[in-house]
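Shown here: target00.pdb, PDB, C-alpha atoms.
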ATOM      1  CA  MET R   1       0.000   0.000   0.000
ATOM      2  CA  ARG R   2       1.508   3.317  -1.113
ATOM      3  CA  VAL R   3       1.252   6.232   1.327
ATOM      4  CA  LEU R   4       2.108   9.928   1.281
ATOM      5  CA  PRO R   5       3.469  12.162   4.071
ATOM      6  CA  GLY R   6       0.676  13.081   6.512
ATOM      7  CA  GLU R   7      -1.587  10.236   5.401
ATOM      8  CA  CYS R   8      -3.450   8.350   8.161
ATOM      9  CA  THR R   9      -2.666   4.618   8.026
ATOM     10  CA  ALA R  10      -4.611   3.586  11.150
ATOM     11  CA  SER R  11      -7.153   5.402  13.327
ATOM     12  CA  GLU R  12      -6.551   3.506  16.573
ATOM     13  CA  ILE R  13      -3.613   2.485  18.725
ATOM     14  CA  CYS R  14      -2.362  -0.941  17.653
ATOM     15  CA  ASP R  15      -0.127  -3.496  19.330
ATOM     16  CA  LEU R  16       2.374  -3.497  16.476
ATOM     17  CA  LYS R  17       5.852  -2.087  16.950
ATOM     18  CA  ILE R  18       6.081   1.164  15.015
ATOM     19  CA  GLY R  19       9.032   1.342  12.668
ATOM     20  CA  GLY R  20      10.543   4.057  10.506
ATOM     21  CA  GLY R  21       8.345   6.435   8.533
ATOM     22  CA  LEU R  22       5.432   6.361  11.021
ATOM     23  CA  ARG R  23       4.399   8.191  14.174
ATOM     24  CA  TYR R  24       1.298   8.634  16.321
ATOM     25  CA  LEU R  25      -0.477  11.984  16.212
ATOM     26  CA  ASP R  26      -3.695  12.542  18.192
ATOM     27  CA  GLY R  27      -4.387   8.807  18.249
ATOM     28  CA  ASP R  28      -3.819   8.301  14.519
ATOM     29  CA  LEU R  29      -0.878   6.486  12.960
ATOM     30  CA  ILE R  30       0.534   8.939  10.443
ATOM     31  CA  SER R  31       3.043   8.386   7.657
ATOM     32  CA  THR R  32       5.944  10.845   7.729
ATOM     33  CA  ILE R  33       7.441   9.910   4.350
ATOM     34  CA  SER R  34       6.351   8.727   0.907
ATOM     35  CA  GLY R  35       6.659   5.002   0.399
ATOM     36  CA  THR R  36       5.112   1.574   0.825
ATOM     37  CA  LEU R  37       3.370   0.599   4.070
ATOM     38  CA  GLU R  38       4.621  -2.840   5.096
ATOM     39  CA  TYR R  39       3.763  -5.275   7.884
ATOM     40  CA  HIS R  40       6.500  -7.566   9.172
ATOM     41  CA  ASP R  41       5.185 -10.965  10.335
ATOM     42  CA  GLY R  42       2.369  -9.289  12.292
ATOM     43  CA  VAL R  43       4.908  -7.911  14.784
ATOM     44  CA  SER R  44       5.813  -4.504  13.399
ATOM     45  CA  THR R  45       4.922  -2.059  10.661
ATOM     46  CA  SER R  46       6.934   0.577   8.827
ATOM     47  CA  VAL R  47       7.040   2.630   5.662
ATOM     48  CA  GLU R  48       9.736   1.681   3.179
ATOM     49  CA  GLY R  49      10.701   4.997   1.597
ATOM     50  CA  LEU R  50      10.898   5.554  -2.130
ATOM     51  CA  THR R  51      14.470   6.740  -1.597
ATOM     52  CA  ARG R  52      17.245   4.711   0.026
ATOM     53  CA  GLN R  53      17.704   7.235   2.824
ATOM     54  CA  TYR R  54      17.449   5.720   6.289
ATOM     55  CA  CYS R  55      14.403   6.701   8.348
ATOM     56  CA  PRO R  56      15.245   6.071  12.049
ATOM     57  CA  ALA R  57      12.800   4.597  14.561
ATOM     58  CA  VAL R  58      13.069   4.128  18.327
ATOM     59  CA  GLY R  59      14.701   0.798  19.145
ATOM     60  CA  ASP R  60      16.584   0.533  15.866
ATOM     61  CA  SER R  61      20.144  -0.725  15.935
ATOM     62  CA  ALA R  62      22.301   1.683  13.919
ATOM     63  CA  LEU R  63      25.928   1.861  12.854
ATOM     64  CA  GLY R  64      27.357   5.317  12.395
ATOM     65  CA  CYS R  65      30.541   7.299  12.004
ATOM     66  CA  ILE R  66      31.514  10.153  14.323
ATOM     67  CA  THR R  67      31.653  13.373  12.315
ATOM     68  CA  ALA R  68      32.202  15.882  15.142
ATOM     69  CA  VAL R  69      33.171  15.885  18.816
ATOM     70  CA  HIS R  70      31.426  18.347  21.147
ATOM     71  CA  ALA R  71      31.762  19.106  24.847
ATOM     72  CA  ASP R  72      29.017  16.725  25.937
ATOM     73  CA  CYS R  73      28.154  14.626  22.878
ATOM     74  CA  TYR R  74      29.204  13.307  19.493
ATOM     75  CA  SER R  75      27.574  13.963  16.131
ATOM     76  CA  ILE R  76      26.952  10.664  14.347
ATOM     77  CA  ASN R  77      26.213  10.091  10.666
ATOM     78  CA  THR R  78      23.780   7.152  10.441
ATOM     79  CA  GLY R  79      22.629   7.843   6.902
ATOM     80  CA  GLY R  80      19.469   9.712   7.943
ATOM     81  CA  SER R  81      18.323  13.162   6.883
ATOM     82  CA  SER R  82      20.167  14.742   9.830
ATOM     83  CA  LEU R  83      23.048  13.904  12.139
ATOM     84  CA  ALA R  84      22.245  11.975  15.311
ATOM     85  CA  THR R  85      23.664  12.826  18.736
ATOM     86  CA  LEU R  86      25.351  10.434  21.149
ATOM     87  CA  PRO R  87      26.033  11.781  24.679
ATOM     88  CA  HIS R  88      29.468  10.961  26.051
ATOM     89  CA  LEU R  89      27.976   9.389  29.163
ATOM     90  CA  SER R  90      25.631   7.095  27.236
ATOM     91  CA  ILE R  91      28.497   4.932  26.032
ATOM     92  CA  SER R  92      28.638   1.649  27.926
ATOM     93  CA  SER R  93      30.950   1.351  30.916
ATOM     94  CA  ARG R  94      31.630   5.091  31.060
ATOM     95  CA  THR R  95      31.254   7.350  34.082
ATOM     96  CA  LYS R  96      31.653  11.051  34.774
ATOM     97  CA  HIS R  97      35.103  10.257  36.153
ATOM     98  CA  SER R  98      36.061   8.382  32.972
ATOM     99  CA  PRO R  99      34.459  10.162  30.003
ATOM    100  CA  ALA R 100      34.501   8.633  26.529
ATOM    101  CA  LYS R 101      37.371   9.869  24.371
ATOM    102  CA  LEU R 102      36.522   9.007  20.789
ATOM    103  CA  LYS R 103      37.832  10.720  17.701
ATOM    104  CA  THR R 104      36.271  11.795  14.433
ATOM    105  CA  GLY R 105      35.977   8.825  12.100
ATOM    106  CA  ALA R 106      35.352   6.226  14.826
ATOM    107  CA  VAL R 107      32.577   3.734  14.065
ATOM    108  CA  VAL R 108      29.889   3.241  16.724
ATOM    109  CA  HIS R 109      27.130   0.663  17.137
ATOM    110  CA  ALA R 110      24.248   2.374  18.955
ATOM    111  CA  SER R 111      20.524   2.098  19.590
ATOM    112  CA  VAL R 112      18.024   4.790  18.605
ATOM    113  CA  GLN R 113      16.704   6.097  21.924
ATOM    114  CA  ARG R 114      14.526   8.990  20.783
ATOM    115  CA  VAL R 115      13.250  10.625  17.584
ATOM    116  CA  ASN R 116      11.340  13.891  17.952
ATOM    117  CA  HIS R 117       8.826  15.484  15.589
ATOM    118  CA  LEU R 118      11.611  17.477  13.913
ATOM    119  CA  GLY R 119      13.487  14.303  13.010
ATOM    120  CA  GLU R 120      16.277  14.880  15.534
ATOM    121  CA  VAL R 121      17.723  11.568  16.679
ATOM    122  CA  ALA R 122      19.277  10.681  20.043
ATOM    123  CA  LEU R 123      21.399   7.531  20.316
ATOM    124  CA  THR R 124      22.628   5.473  23.243
ATOM    125  CA  CYS R 125      25.204   2.715  23.710
ATOM    126  CA  VAL R 126      23.844   1.622  27.093
ATOM    127  CA  GLU R 127      22.755  -2.014  26.951
ATOM    128  CA  GLU R 128      19.380  -3.085  28.277
ATOM    129  CA  LYS R 129      19.510  -5.466  31.231
ATOM    130  CA  SER R 130      17.388  -8.041  29.395
ATOM    131  CA  CYS R 131      19.662  -8.400  26.358
ATOM    132  CA  SER R 132      23.099  -7.589  25.002
ATOM    133  CA  ARG R 133      23.502  -6.334  21.433
ATOM    134  CA  GLY R 134      27.188  -5.501  21.482
ATOM    135  CA  LEU R 135      26.671  -1.744  21.540
ATOM    136  CA  GLY R 136      29.745   0.449  21.626
ATOM    137  CA  VAL R 137      32.791   1.314  19.534
ATOM    138  CA  LEU R 138      33.664  -1.019  16.661
ATOM    139  CA  ASN R 139      37.386  -1.385  16.058
ATOM    140  CA  GLU R 140      39.371  -2.972  13.244
ATOM    141  CA  GLY R 141      36.930  -4.046  10.586
ATOM    142  CA  PHE R 142      35.301  -3.099   7.316
ATOM    143  CA  ILE R 143      32.165  -1.029   6.785
ATOM    144  CA  THR R 144      29.825  -1.459   3.834
ATOM    145  CA  ARG R 145      26.250  -0.465   3.015
ATOM    146  CA  CYS R 146      23.147  -2.111   1.626
ATOM    147  CA  SER R 147      19.502  -1.060   1.518
ATOM    148  CA  SER R 148      17.681  -0.645   4.829
ATOM    149  CA  LYS R 149      15.185  -3.243   3.607
ATOM    150  CA  LEU R 150      17.879  -5.881   3.090
ATOM    151  CA  ALA R 151      19.417  -5.078   6.487
ATOM    152  CA  ARG R 152      16.025  -5.435   8.204
ATOM    153  CA  ASN R 153      15.486  -8.769   6.445
ATOM    154  CA  MET R 154      18.880  -9.955   7.678
ATOM    155  CA  LEU R 155      17.941  -9.006  11.237
ATOM    156  CA  ALA R 156      14.410 -10.404  11.038
ATOM    157  CA  TYR R 157      15.266 -13.847   9.694
ATOM    158  CA  SER R 158      17.381 -16.433  11.487
ATOM    159  CA  LEU R 159      20.856 -16.581   9.958
ATOM    160  CA  GLU R 160      22.485 -18.792  12.586
ATOM    161  CA  SER R 161      22.841 -21.749  10.207
ATOM    162  CA  ALA R 162      24.373 -19.630   7.453
ATOM    163  CA  LEU R 163      26.717 -17.914   9.908
ATOM    164  CA  GLY R 164      27.720 -21.298  11.325
ATOM    165  CA  ILE R 165      28.596 -22.648   7.880
ATOM    166  CA  LEU R 166      30.621 -19.534   7.048
ATOM    167  CA  GLY R 167      32.358 -19.706  10.434
ATOM    168  CA  ARG R 168      33.784 -23.124   9.580
ATOM    169  CA  SER R 169      35.702 -21.641   6.664
ATOM    170  CA  VAL R 170      36.691 -18.207   7.891
ATOM    171  CA  SER R 171      36.944 -16.409  11.216
ATOM    172  CA  PHE R 172      34.858 -13.244  11.358
ATOM    173  CA  GLU R 173      32.513 -11.016  13.363
ATOM    174  CA  ILE R 174      29.559  -9.150  11.890
ATOM    175  CA  THR R 175      27.243  -6.415  13.126
ATOM    176  CA  ILE R 176      24.189  -5.344  11.122
ATOM    177  CA  GLY R 177      22.344  -2.064  11.611
ATOM    178  CA  HIS R 178      18.751  -1.282  10.654
ATOM    179  CA  ASN R 179      20.186   1.694   8.776
ATOM    180  CA  GLY R 180      21.747  -0.556   6.140
ATOM    181  CA  ARG R 181      25.317  -0.417   7.397
ATOM    182  CA  LEU R 182      27.290  -3.552   8.122
ATOM    183  CA  TRP R 183      30.548  -3.980  10.006
ATOM    184  CA  ILE R 184      32.627  -7.085   9.362
ATOM    185  CA  ALA R 185      35.824  -7.913  11.225
ATOM    186  CA  THR R 186      37.839 -10.348   9.105
ATOM    187  CA  SER R 187      41.278 -10.695   7.565
ATOM    188  CA  THR R 188      40.748  -9.210   4.108
ATOM    189  CA  ARG R 189      38.377  -6.975   2.190
ATOM    190  CA  GLN R 190      37.611  -9.840  -0.207
ATOM    191  CA  GLN R 191      36.503 -12.103   2.656
ATOM    192  CA  ALA R 192      34.212  -9.357   3.960
ATOM    193  CA  PHE R 193      32.584  -8.989   0.540
ATOM    194  CA  LEU R 194      32.035 -12.748   0.155
ATOM    195  CA  ILE R 195      30.488 -13.017   3.636
ATOM    196  CA  VAL R 196      27.913 -10.276   2.973
ATOM    197  CA  LYS R 197      27.184 -11.648  -0.503
ATOM    198  CA  ALA R 198      26.569 -15.113   0.958
ATOM    199  CA  LEU R 199      24.174 -13.776   3.598
ATOM    200  CA  SER R 200      22.186 -11.681   1.130
ATOM    201  CA  SER R 201      21.946 -14.653  -1.248
ATOM    202  CA  ARG R 202      20.728 -16.797   1.634
ATOM    203  CA  LEU R 203      17.688 -14.544   2.029
ATOM    204  CA  ARG R 204      16.935 -14.517  -1.713
ATOM    205  CA  ARG R 205      15.064 -11.264  -1.236
ATOM    206  CA  GLU R 206      17.128  -8.772  -3.179
ATOM    207  CA  PRO R 207      20.735  -8.534  -4.407
ATOM    208  CA  LEU R 208      23.463  -6.982  -2.326
ATOM    209  CA  ILE R 209      23.869  -3.285  -3.023
ATOM    210  CA  HIS R 210      27.647  -3.154  -2.806
ATOM    211  CA  THR R 211      29.090   0.313  -2.289
ATOM    212  CA  GLY R 212      32.630  -0.639  -1.350
ATOM    213  CA  PHE R 213      34.250  -1.679   1.888
ATOM    214  CA  THR R 214      35.880   0.995   4.005
ATOM    215  CA  PRO R 215      38.270   0.115   6.841
ATOM    216  CA  ALA R 216      36.716   1.084  10.190
TER     217      ALA R 216
END

In structure tokens, how does this file's structure come out?
Amino acid sequence: MRVLPGECTASEICDLKIGGGLRYLDGDLISTISGTLEYHDGVSTSVEGLTRQYCPAVGDSALGCITAVHADCYSINTGGSSLATLPHLSISSRTKHSPAKLKTGAVVHASVQRVNHLGEVALTCVEEKSCSRGLGVLNEGFITRCSSKLARNMLAYSLESALGILGRSVSFEITIGHNGRLWIATSTRQQAFLIVKALSSRLRREPLIHTGFTPA
């Protein structure tokens, strides 16, 4: 179902998790972007934009690069329409007596904590007590990008078997963000490419959109 910005997609509060491109306004579920309204296994709903620009939603896992360091926070590029902010003290295992000291260009795995009506995004690296997602700084690896849709499919479907098979042949670590950015820690750039290609082929949903691998 195609929707336009400001279009009402539901007139009552639902139990579905609200993804990118949607927000509640006066009890109505409103689309904030142009795109296709999709339902994911009856658990969540989102609008897949007509462009490939990432539309953040609360609870998303996102990989981003630090573009600026401020007195109390970092500016993070997650591929959205505006830079996200990550407070120094929201990075795991940090205290006021031991502030985070990250530099421009560092790659961070964070969770979207808040998105306001202006599209301003606040991130956090503090893990929830109920689960661990490996939030924090990502060192020594390669960064590549794919569509947000492919990344969400990778996160939604079980890839343990595929990862196990790949792990028998090559040693690697992988982190996937809802924003379509992937971090792979492995020996060579070629291995990183083959790993992502194998995972995307496993889903058989859409081809890998390869934009090059950049050392993290």

So which one's closest to R:Trp183, R:Ala122, R:Cys8, R:Cys146, R:Val112? Using all atoms listed in the file, please. R:Cys146

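For the pair atom CA of R:Thr67 and atom CA of R:Thr104, the interatomic distance is 5.3 Å.
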
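Only residues having an atom at most 12 Å from (9.6, -1.4, 17.6) are included; using all atoms listed in the file, these are Cys14, Asp15, Leu16, Lys17, Ile18, Gly19, Gly20, Leu22, Arg23, Tyr39, His40, Gly42, Val43, Ser44, Thr45, Ser46, Pro56, Ala57, Val58, Gly59, Asp60, Ser61, Ser111, Val112, Gln113, Arg114 and His178 of chain R.
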
To one decimal in Å, tell me the separation between atom CA of R:Pro87 and atom CA of R:Thr124. 7.3 Å

Please write the residues picked by the PyMOL selection byres ((chain R and resi 126) around 8) on this file as a PyMOL selection string. chain R and resi 90-92+124-125+127-128+135

Explicit residues for the PyMOL selection byres ((chain R and resi 70) around 10) (as a list in words): Ala68, Val69, Ala71, Asp72, Cys73, Tyr74, Ser75, Thr85, Leu86, Pro87 and His88 of chain R

What would the file look like if the residues just selected were written as a PDB file, keeping the file's coordinate frame with C-alpha atoms?
ATOM      1  CA  ALA R  68      32.202  15.882  15.142  1.00  0.00           C
ATOM      2  CA  VAL R  69      33.171  15.885  18.816  1.00  0.00           C
ATOM      3  CA  ALA R  71      31.762  19.106  24.847  1.00  0.00           C
ATOM      4  CA  ASP R  72      29.017  16.725  25.937  1.00  0.00           C
ATOM      5  CA  CYS R  73      28.154  14.626  22.878  1.00  0.00           C
ATOM      6  CA  TYR R  74      29.204  13.307  19.493  1.00  0.00           C
ATOM      7  CA  SER R  75      27.574  13.963  16.131  1.00  0.00           C
ATOM      8  CA  THR R  85      23.664  12.826  18.736  1.00  0.00           C
ATOM      9  CA  LEU R  86      25.351  10.434  21.149  1.00  0.00           C
ATOM     10  CA  PRO R  87      26.033  11.781  24.679  1.00  0.00           C
ATOM     11  CA  HIS R  88      29.468  10.961  26.051  1.00  0.00           C
TER      12      HIS R  88
END

Run the PyMOL selection byres ((chain R and resi 118) around 12) on the file and write out the hits as a PyMOL selection string. chain R and resi 23+32+81-82+114-117+119-122

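If only C-alpha atoms are the atoms counted, then among R:Cys55, R:Ala84, R:Leu63, R:Ala110 the closest residue to R:Ile184 is R:Leu63.
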
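Residues lying within 6 Å of R:Gly180, counting only C-alpha atoms and ignoring same-chain neighbours fewer than 2 positions away, are R:Arg145, R:Cys146, R:Ser147, R:Ser148, R:Ala151, R:Gly177, R:His178.
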
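Atom CA of R:Leu166 lies 8.5 Å from atom CA of R:Ala198.
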
For R:Phe193, which of R:Gly27, R:Ser171, R:Thr144, R:Leu138 is the closest residue, counting all atoms listed in the file? R:Thr144

Residue neighbourhood R:Tyr54, 7 Å, all atoms listed in the file, exclusion window fewer than 3 positions, as a PyMOL selection string: chain R and resi 79-80+148+179

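Closest approach to R:Ala10 from the set R:Thr175, R:Thr188, R:Ser31, R:Asn77 is made by R:Ser31, with distances taken over all atoms listed in the file.
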
From the set R:Phe142, R:Leu150, R:Ser161, R:Gly35, which residue has the shortest atom-to-atom contact distance to R:Gln190, counting only C-alpha atoms? R:Phe142

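Among the candidates R:Val170, R:Ile30, R:Leu25, R:Val47, the one nearest to R:Arg2 when counting all atoms listed in the file is R:Val47.
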
Please return the centre and edge lengths, in Å to one decimal, of a box with edges along x, y and z that contains all listed atoms of stretch 195-198 of chain R, widened by 8 Å on every side, as JSON.
{"center_x": 28.5, "center_y": -12.7, "center_z": 1.6, "size_x": 19.9, "size_y": 20.8, "size_z": 20.1}
